[in-house]
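Step one of this worksheet: look at the structure below.
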Amino acid sequence: AVGLGELGMKVYITGRTVSPSDNAPRADGVGGSLMETKELVEAAGGSCEYVRVDSSDDSALQGLIQRIEKEEGKLDILVNNAYGAVDTLGETMGTPFWEKPPTIWDDINNVGLRSHYVTTCLAAPLLLKSAEKEKTTVTPTESSAPPLVVHVSSLGGLTYVFDVAYGIGKDAVDRMAADMAVELTPKGVAVCSLWPGLVKTEKMTSLIKSTNGRIGSLDDGESPIFVGRAVAALACADDLLTKRSGTVQPVEDLATQFQFTDEDGKVPPSFRSVKGLAASAPQFIKDILPRGLKLPWWMLKAFVKPMPRFSQPVVNPNAGPTASKSSDSEATA
């Protein structure tokens with residue numbers, strides 16, 4: 001949301017926690033609220049409306065889209081970023097799928113896969129309306145960015161990460177972007193799947209600390225703002241409809257192409273890069289590896305190995321009651 005606000009956009013943010021006082025106390029300090037996010041977006045130069053939405057509730061999602069249509073009359077960007085299973089993954093990772101209850105599928109993929117599909121179904125008529133307006137208002141000498149749907153996915157769509165249900169869900173998100181593009185791109189709406197690296201959210205930071213780094217390191221992690229800047233860059237791409245729609249777009253690759261950085265002024269190494277793939281190598285080796293050398297997709301599939309499955313569940317001892325999501329999905333009008 002902040003990355004879009006940096007471009008002066010008006011952003012609608014959703015979540016279940018409206019104010020900081022709504023947060024259930026957690027020993028790991030995970031918090032966040034819609035009001036706090038609104039302040040950050042506006043401080044970055046954008047405007048922001050927040051709407052309390054539970055992304056597992058179809059009627060709430062429908063109400064969100066109806067409100068945007070009433071207040072704005074159009075929708076330029078839809079970012080499906082809701083995910084509700086970070087704690088669940090940490091608590092059950094390492095347990096074979098057949099020893100988990102079948103409900104783990106819904107815990108992991110209801111808010112994150114199904115909610116992406118439902119939200120896009122509900123928003124598609126408004127996105128198509130925006131695309132039609134672009135055709136009638138832009139002159140032949142002008143160029144304007146088409147409406148865009150972004151499904152936030154991950155490397156889990158390529159290889160085993162965390163859990164069977166997780167990998168299936170992420171692979172399905174990528175396929176959903178490709179198939180939705182088949183139907184929406186000819187009508188002027190682009191759809192992409194976005195792959196961030198390891199994002200330094202409060203929950204992920206807490207999970208990595210509690211597992212002593214067994215699921216990765218935040219040394220080369222990226223901030224949520226970096227991911228937002230990737231969405232903003234993607235939305236302005238000249239080849240969004242002609243080349244990018246229906247594809248997976250790694251965040252770090254977008255940073256290289258569009259020359260933006262993280263909030264610390266750096267660009268984390270891409271998981272496609274030799275440097276990124278050598279994340280567990282000694283530091284002196286990482287220091288001599290070229291940052292710009294990247295593997296093609298076919299080679300990446302051959303080199304990327306599944307994350308080892310731990311023999312025991314990785315339990316976060318600091319996790320309290322499941323925290324409400326502070327920014328589930330973003331819709332920019």
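Every chain in the structure tokens has a letter given in the order shown (A, B, ...), and although residue numbers restart at 1 in each chain, ligands are simply numbered from 1 in the order shown.
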
Inset, instruction - Within 9 Å of stretch 125-136 of chain A, counting only C-alpha atoms, which residues show up once you throw out same-chain ones fewer than 4 positions away? Write them as a ChimeraX atom specification, please. - result: /A:65,69,73-78,121,144-149,184,187-189

Using the selection just defined, write its residues with C-alpha atoms as a JSON list (two decimals), in the first residue's frame.
```
[["chain", "number", "residue", "atom", "x", "y", "z"],
["A", 65, "ILE", "CA", -16.12, -3.83, -4.41],
["A", 69, "GLU", "CA", -17.64, 1.29, -7.51],
["A", 73, "GLY", "CA", -16.64, 4.41, -10.46],
["A", 74, "LYS", "CA", -13.54, 2.46, -11.49],
["A", 75, "LEU", "CA", -10.77, 0.18, -10.27],
["A", 76, "ASP", "CA", -7.26, 0.43, -11.69],
["A", 77, "ILE", "CA", -5.29, -2.09, -9.63],
["A", 78, "LEU", "CA", -6.36, -5.04, -7.51],
["A", 121, "CYS", "CA", -14.46, -12.56, -9.73],
["A", 144, "SER", "CA", -2.10, 4.78, -20.39],
["A", 145, "ALA", "CA", -1.54, 1.82, -18.11],
["A", 146, "PRO", "CA", -4.24, -0.85, -18.33],
["A", 147, "PRO", "CA", -6.06, -2.12, -15.25],
["A", 148, "LEU", "CA", -4.02, -4.73, -13.41],
["A", 149, "VAL", "CA", -4.68, -7.70, -11.12],
["A", 184, "LEU", "CA", -9.02, -10.80, -19.34],
["A", 187, "LYS", "CA", -10.30, -7.19, -22.98],
["A", 188, "GLY", "CA", -7.56, -4.86, -21.75],
["A", 189, "VAL", "CA", -6.98, -6.11, -18.19]]
```

Inset, instruction - Give the helix (DSSP H, G or I) residues of stretch 177-236 of chain A, as DSSP finds them on the backbone, and put them as a PyMOL selection string. - result: chain A and resi 177-187+202-210+224-235

Legend entry - Between atom CA of A:Ile225 and atom CA of A:Phe271 - distance in Å to one decimal: 18.5 Å

Inset, instruction - Please provide the set of residues having any atom within 10 Å of A:Pro224, restricted to only C-alpha atoms, with same-chain residues fewer than 4 positions apart removed, written as a PyMOL selection string. - result: chain A and resi 1-3+196+198-201+228-230+262-263

Export C-alpha atoms of the chosen residues as a short mmCIF file (atom, residue, chain, number, x, y, z; two decimals), in the first residue's frame?
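Below is the file result_13.cif, written as the result:
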```cif
data_model
loop_
_atom_site.label_atom_id
_atom_site.label_comp_id
_atom_site.auth_asym_id
_atom_site.auth_seq_id
_atom_site.Cartn_x
_atom_site.Cartn_y
_atom_site.Cartn_z
CA ALA A 1 0.00 0.00 0.00
CA VAL A 2 2.81 2.41 0.86
CA GLY A 3 4.57 1.67 -2.43
CA PRO A 196 8.49 -11.67 -3.42
CA LEU A 198 11.69 -13.47 2.05
CA VAL A 199 9.67 -10.52 3.31
CA LYS A 200 10.56 -9.02 6.67
CA THR A 201 7.06 -8.87 8.09
CA GLY A 228 4.71 -2.45 -2.95
CA ARG A 229 7.20 -0.62 -5.15
CA ALA A 230 7.31 -3.70 -7.38
CA ASP A 262 14.24 -1.22 -0.91
CA GLU A 263 13.82 1.36 1.83
#
```

Inset, instruction - For A:Ala44, work out the shell of residues within 9 Å, counting only C-alpha atoms and skipping chain neighbours fewer than 6 positions away, then give it as a VMD selection string. - result: chain A and resid 2 to 8

Just N, CA and C atoms for this one: save the residues we selected as a short mmCIF file (atom, residue, chain, number, x, y, z; two decimals), in the first residue's frame.
```cif
data_model
loop_
_atom_site.label_atom_id
_atom_site.label_comp_id
_atom_site.auth_asym_id
_atom_site.auth_seq_id
_atom_site.Cartn_x
_atom_site.Cartn_y
_atom_site.Cartn_z
N VAL A 2 1.93 1.24 0.79
CA VAL A 2 2.81 2.41 0.86
C VAL A 2 3.51 2.62 -0.49
N GLY A 3 3.92 1.55 -1.13
CA GLY A 3 4.57 1.67 -2.43
C GLY A 3 3.68 2.32 -3.46
N LEU A 4 2.39 2.03 -3.41
CA LEU A 4 1.44 2.67 -4.32
C LEU A 4 1.20 4.11 -3.90
N GLY A 5 1.19 4.34 -2.60
CA GLY A 5 1.02 5.71 -2.12
C GLY A 5 2.14 6.63 -2.56
N GLU A 6 3.34 6.07 -2.73
CA GLU A 6 4.48 6.87 -3.18
C GLU A 6 4.26 7.45 -4.58
N LEU A 7 3.37 6.83 -5.35
CA LEU A 7 3.04 7.35 -6.68
C LEU A 7 1.84 8.29 -6.63
N GLY A 8 1.37 8.61 -5.44
CA GLY A 8 0.24 9.52 -5.29
C GLY A 8 -1.10 8.86 -5.54
#
```

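DSSP on the backbone gives strand (DSSP E) for these parts of stretch 87-211 of chain A: Leu148, Val149, Val150, His151, Val152, Ala190, Val191, Cys192, Ser193, Leu194 and Trp195 of chain A.
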
File of the preceding selection, N, CA, C and O atoms, as a PDB file, in the first residue's frame:
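The result, stored in out10.pdb:
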```
ATOM      1  N   LEU A 148      -4.930  -3.640 -13.745  1.00  0.00           N
ATOM      2  CA  LEU A 148      -4.018  -4.734 -13.406  1.00  0.00           C
ATOM      3  C   LEU A 148      -4.519  -5.494 -12.189  1.00  0.00           C
ATOM      4  O   LEU A 148      -4.948  -4.891 -11.198  1.00  0.00           O
ATOM      5  N   VAL A 149      -4.445  -6.821 -12.267  1.00  0.00           N
ATOM      6  CA  VAL A 149      -4.680  -7.697 -11.121  1.00  0.00           C
ATOM      7  C   VAL A 149      -3.353  -8.349 -10.752  1.00  0.00           C
ATOM      8  O   VAL A 149      -2.678  -8.911 -11.617  1.00  0.00           O
ATOM      9  N   VAL A 150      -2.981  -8.259  -9.482  1.00  0.00           N
ATOM     10  CA  VAL A 150      -1.750  -8.885  -8.997  1.00  0.00           C
ATOM     11  C   VAL A 150      -2.115  -9.914  -7.930  1.00  0.00           C
ATOM     12  O   VAL A 150      -2.747  -9.575  -6.927  1.00  0.00           O
ATOM     13  N   HIS A 151      -1.731 -11.166  -8.166  1.00  0.00           N
ATOM     14  CA  HIS A 151      -1.856 -12.209  -7.158  1.00  0.00           C
ATOM     15  C   HIS A 151      -0.487 -12.395  -6.518  1.00  0.00           C
ATOM     16  O   HIS A 151       0.477 -12.753  -7.206  1.00  0.00           O
ATOM     17  N   VAL A 152      -0.382 -12.160  -5.222  1.00  0.00           N
ATOM     18  CA  VAL A 152       0.900 -12.343  -4.546  1.00  0.00           C
ATOM     19  C   VAL A 152       1.084 -13.832  -4.246  1.00  0.00           C
ATOM     20  O   VAL A 152       0.286 -14.445  -3.550  1.00  0.00           O
ATOM     21  N   ALA A 190      -4.748  -6.692 -17.407  1.00  0.00           N
ATOM     22  CA  ALA A 190      -3.581  -7.553 -17.208  1.00  0.00           C
ATOM     23  C   ALA A 190      -3.699  -8.291 -15.880  1.00  0.00           C
ATOM     24  O   ALA A 190      -4.261  -7.777 -14.908  1.00  0.00           O
ATOM     25  N   VAL A 191      -3.142  -9.503 -15.845  1.00  0.00           N
ATOM     26  CA  VAL A 191      -3.112 -10.313 -14.623  1.00  0.00           C
ATOM     27  C   VAL A 191      -1.719 -10.899 -14.471  1.00  0.00           C
ATOM     28  O   VAL A 191      -1.200 -11.518 -15.406  1.00  0.00           O
ATOM     29  N   CYS A 192      -1.103 -10.709 -13.318  1.00  0.00           N
ATOM     30  CA  CYS A 192       0.243 -11.242 -13.076  1.00  0.00           C
ATOM     31  C   CYS A 192       0.312 -11.898 -11.702  1.00  0.00           C
ATOM     32  O   CYS A 192      -0.430 -11.538 -10.785  1.00  0.00           O
ATOM     33  N   SER A 193       1.215 -12.846 -11.587  1.00  0.00           N
ATOM     34  CA  SER A 193       1.551 -13.435 -10.297  1.00  0.00           C
ATOM     35  C   SER A 193       2.873 -12.826  -9.845  1.00  0.00           C
ATOM     36  O   SER A 193       3.822 -12.760 -10.612  1.00  0.00           O
ATOM     37  N   LEU A 194       2.916 -12.359  -8.605  1.00  0.00           N
ATOM     38  CA  LEU A 194       4.102 -11.668  -8.086  1.00  0.00           C
ATOM     39  C   LEU A 194       4.799 -12.545  -7.055  1.00  0.00           C
ATOM     40  O   LEU A 194       4.169 -13.033  -6.117  1.00  0.00           O
ATOM     41  N   TRP A 195       6.108 -12.744  -7.243  1.00  0.00           N
ATOM     42  CA  TRP A 195       6.900 -13.549  -6.314  1.00  0.00           C
ATOM     43  C   TRP A 195       7.853 -12.655  -5.519  1.00  0.00           C
ATOM     44  O   TRP A 195       8.919 -12.289  -6.016  1.00  0.00           O
TER      45      TRP A 195
END
```

Inset, instruction - Using only C-alpha atoms, determine which residues lie at most 8 Å from A:Pro20, disregarding the query and same-chain residues fewer than 5 positions distant; provide the list as a list in words. - result: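 Near A:Pro20, the qualifying residues are Gly31, Gly32, Ser33, Met35 and Glu36 of chain A.
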
Legend entry - Contact residues around stretch 116-120 of chain A with only C-alpha atoms at 8 Å, ignoring same-chain residues under 2 positions, as a PyMOL selection string: chain A and resi 58+61-62+78+80-82+111-114+122-124+149+151+176

Keeping only all heavy atoms, write those residues as a short mmCIF file (atom, residue, chain, number, x, y, z; two decimals), in the first residue's frame.
```cif
data_model
loop_
_atom_site.label_atom_id
_atom_site.label_comp_id
_atom_site.auth_asym_id
_atom_site.auth_seq_id
_atom_site.Cartn_x
_atom_site.Cartn_y
_atom_site.Cartn_z
N ASP A 58 -17.29 -13.91 1.76
CA ASP A 58 -17.59 -13.47 0.39
C ASP A 58 -18.45 -12.22 0.36
O ASP A 58 -18.26 -11.33 -0.48
CB ASP A 58 -18.29 -14.58 -0.40
CG ASP A 58 -17.40 -15.78 -0.63
OD1 ASP A 58 -16.22 -15.75 -0.21
OD2 ASP A 58 -17.88 -16.77 -1.23
N LEU A 61 -16.36 -9.15 0.96
CA LEU A 61 -15.60 -8.81 -0.25
C LEU A 61 -16.49 -8.13 -1.28
O LEU A 61 -16.09 -7.16 -1.93
CB LEU A 61 -14.96 -10.07 -0.84
CG LEU A 61 -13.86 -10.73 0.00
CD1 LEU A 61 -13.49 -12.09 -0.59
CD2 LEU A 61 -12.64 -9.84 0.09
N GLN A 62 -17.70 -8.63 -1.42
CA GLN A 62 -18.64 -8.02 -2.37
C GLN A 62 -18.98 -6.59 -1.95
O GLN A 62 -19.04 -5.68 -2.77
CB GLN A 62 -19.91 -8.85 -2.45
CG GLN A 62 -20.90 -8.35 -3.48
CD GLN A 62 -22.09 -9.27 -3.64
OE1 GLN A 62 -22.55 -9.88 -2.67
NE2 GLN A 62 -22.59 -9.41 -4.86
N LEU A 78 -5.92 -4.18 -8.60
CA LEU A 78 -6.36 -5.04 -7.51
C LEU A 78 -5.17 -5.89 -7.08
O LEU A 78 -4.60 -6.62 -7.90
CB LEU A 78 -7.50 -5.95 -7.97
CG LEU A 78 -7.92 -7.06 -7.00
CD1 LEU A 78 -8.53 -6.46 -5.73
CD2 LEU A 78 -8.90 -8.02 -7.65
N ASN A 80 -4.22 -8.87 -4.67
CA ASN A 80 -4.68 -9.94 -3.79
C ASN A 80 -3.51 -10.44 -2.96
O ASN A 80 -2.63 -11.15 -3.47
CB ASN A 80 -5.26 -11.09 -4.62
CG ASN A 80 -6.59 -10.73 -5.25
OD1 ASN A 80 -7.50 -10.24 -4.59
ND2 ASN A 80 -6.70 -10.95 -6.56
N ASN A 81 -3.50 -10.02 -1.69
CA ASN A 81 -2.35 -10.30 -0.84
C ASN A 81 -2.77 -10.96 0.48
O ASN A 81 -1.95 -11.17 1.36
CB ASN A 81 -1.60 -9.00 -0.55
CG ASN A 81 -0.28 -9.23 0.16
OD1 ASN A 81 0.45 -10.14 -0.16
ND2 ASN A 81 0.00 -8.40 1.15
N ALA A 82 -4.05 -11.29 0.63
CA ALA A 82 -4.53 -11.85 1.89
C ALA A 82 -3.93 -13.23 2.12
O ALA A 82 -3.86 -14.04 1.21
CB ALA A 82 -6.05 -11.93 1.87
N VAL A 111 -8.10 -18.43 2.79
CA VAL A 111 -7.68 -17.03 2.63
C VAL A 111 -6.27 -17.05 2.05
O VAL A 111 -5.30 -17.30 2.75
CB VAL A 111 -7.71 -16.28 3.97
CG1 VAL A 111 -7.16 -14.85 3.79
CG2 VAL A 111 -9.12 -16.23 4.52
N GLY A 112 -6.16 -16.83 0.76
CA GLY A 112 -4.87 -16.87 0.08
C GLY A 112 -4.97 -17.44 -1.31
O GLY A 112 -4.30 -17.00 -2.21
N LEU A 113 -5.85 -18.41 -1.52
CA LEU A 113 -6.11 -18.95 -2.85
C LEU A 113 -7.56 -18.69 -3.22
O LEU A 113 -7.85 -17.97 -4.17
CB LEU A 113 -5.79 -20.44 -2.91
CG LEU A 113 -6.20 -21.17 -4.20
CD1 LEU A 113 -5.49 -20.56 -5.41
CD2 LEU A 113 -5.90 -22.67 -4.09
N ARG A 114 -8.46 -19.26 -2.42
CA ARG A 114 -9.88 -19.07 -2.72
C ARG A 114 -10.27 -17.59 -2.67
O ARG A 114 -10.99 -17.09 -3.54
CB ARG A 114 -10.74 -19.86 -1.74
CG ARG A 114 -12.24 -19.77 -2.05
CD ARG A 114 -13.10 -20.47 -1.01
NE ARG A 114 -14.50 -20.42 -1.41
CZ ARG A 114 -15.30 -19.38 -1.20
NH1 ARG A 114 -14.83 -18.29 -0.60
NH2 ARG A 114 -16.56 -19.40 -1.61
N LEU A 122 -15.40 -10.90 -8.26
CA LEU A 122 -16.27 -9.79 -7.91
C LEU A 122 -15.78 -8.47 -8.51
O LEU A 122 -16.59 -7.60 -8.86
CB LEU A 122 -16.36 -9.66 -6.38
CG LEU A 122 -17.00 -10.85 -5.65
CD1 LEU A 122 -16.81 -10.71 -4.13
CD2 LEU A 122 -18.49 -10.93 -5.97
N ALA A 123 -14.45 -8.32 -8.63
CA ALA A 123 -13.89 -7.06 -9.12
C ALA A 123 -13.79 -7.00 -10.63
O ALA A 123 -13.64 -5.90 -11.20
CB ALA A 123 -12.50 -6.85 -8.52
N ALA A 124 -13.87 -8.14 -11.31
CA ALA A 124 -13.65 -8.17 -12.76
C ALA A 124 -14.56 -7.21 -13.53
O ALA A 124 -14.08 -6.50 -14.43
CB ALA A 124 -13.80 -9.60 -13.28
N VAL A 149 -4.44 -6.82 -12.27
CA VAL A 149 -4.68 -7.70 -11.12
C VAL A 149 -3.35 -8.35 -10.75
O VAL A 149 -2.68 -8.91 -11.62
CB VAL A 149 -5.71 -8.79 -11.44
CG1 VAL A 149 -5.89 -9.72 -10.23
CG2 VAL A 149 -7.05 -8.19 -11.84
N HIS A 151 -1.73 -11.17 -8.17
CA HIS A 151 -1.86 -12.21 -7.16
C HIS A 151 -0.49 -12.39 -6.52
O HIS A 151 0.48 -12.75 -7.21
CB HIS A 151 -2.29 -13.54 -7.78
CG HIS A 151 -3.59 -13.51 -8.49
ND1 HIS A 151 -4.73 -12.92 -7.95
CD2 HIS A 151 -3.98 -14.02 -9.69
CE1 HIS A 151 -5.74 -13.07 -8.79
NE2 HIS A 151 -5.31 -13.73 -9.85
N MET A 176 -3.70 -19.66 -11.77
CA MET A 176 -4.87 -18.80 -11.82
C MET A 176 -4.56 -17.49 -12.55
O MET A 176 -5.38 -17.02 -13.36
CB MET A 176 -5.36 -18.51 -10.40
CG MET A 176 -6.60 -17.62 -10.32
SD MET A 176 -7.36 -17.63 -8.68
CE MET A 176 -6.01 -17.03 -7.66
#
```

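One finds atom CA of A:Ser245 at 6.9 Å from atom CA of A:Thr185.
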
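Between atom CA of A:Asp163 and atom CA of A:Gly84 the separation is 14.6 Å.
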
Inset, instruction - Excluding stretch 257-259 of chain A and any residue of its chain fewer than 6 positions from it, enumerate the residues within 12 Å of it, using only C-alpha atoms, and give them as a PyMOL selection string. - result: chain A and resi 226+229-238+249-251+265-267+292

Same residues, C-alpha atoms, saved as a short mmCIF file (atom, residue, chain, number, x, y, z; two decimals), in the first residue's frame:
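Written out: again.cif:
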```
data_model
loop_
_atom_site.label_atom_id
_atom_site.label_comp_id
_atom_site.auth_asym_id
_atom_site.auth_seq_id
_atom_site.Cartn_x
_atom_site.Cartn_y
_atom_site.Cartn_z
CA PHE A 226 9.89 -3.09 -1.57
CA ARG A 229 7.20 -0.62 -5.15
CA ALA A 230 7.31 -3.70 -7.38
CA VAL A 231 3.53 -3.55 -7.81
CA ALA A 232 3.74 0.15 -8.64
CA ALA A 233 6.48 -0.46 -11.21
CA LEU A 234 4.59 -3.36 -12.76
CA ALA A 235 1.45 -1.24 -13.09
CA CYS A 236 3.40 1.32 -15.14
CA ALA A 237 5.12 -1.18 -17.46
CA ASP A 238 4.66 -0.43 -21.16
CA GLN A 249 7.01 -11.59 -12.04
CA PRO A 250 9.80 -11.88 -9.40
CA VAL A 251 10.06 -8.74 -7.29
CA GLY A 265 18.61 1.80 -0.70
CA LYS A 266 19.62 -1.77 -1.57
CA VAL A 267 18.22 -4.47 -3.86
CA GLY A 292 23.54 -9.83 -12.04
#
```

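The closest residue to A:Val248, picked from A:Val227, A:Ala85, A:Ile168, A:Leu158 and counting only C-alpha atoms, is A:Leu158.
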
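The nearest approach to A:Ser59 among the residues A:Ser115, A:Thr95, A:Thr37, A:Ser19, with only C-alpha atoms taken into account, belongs to A:Ser115.
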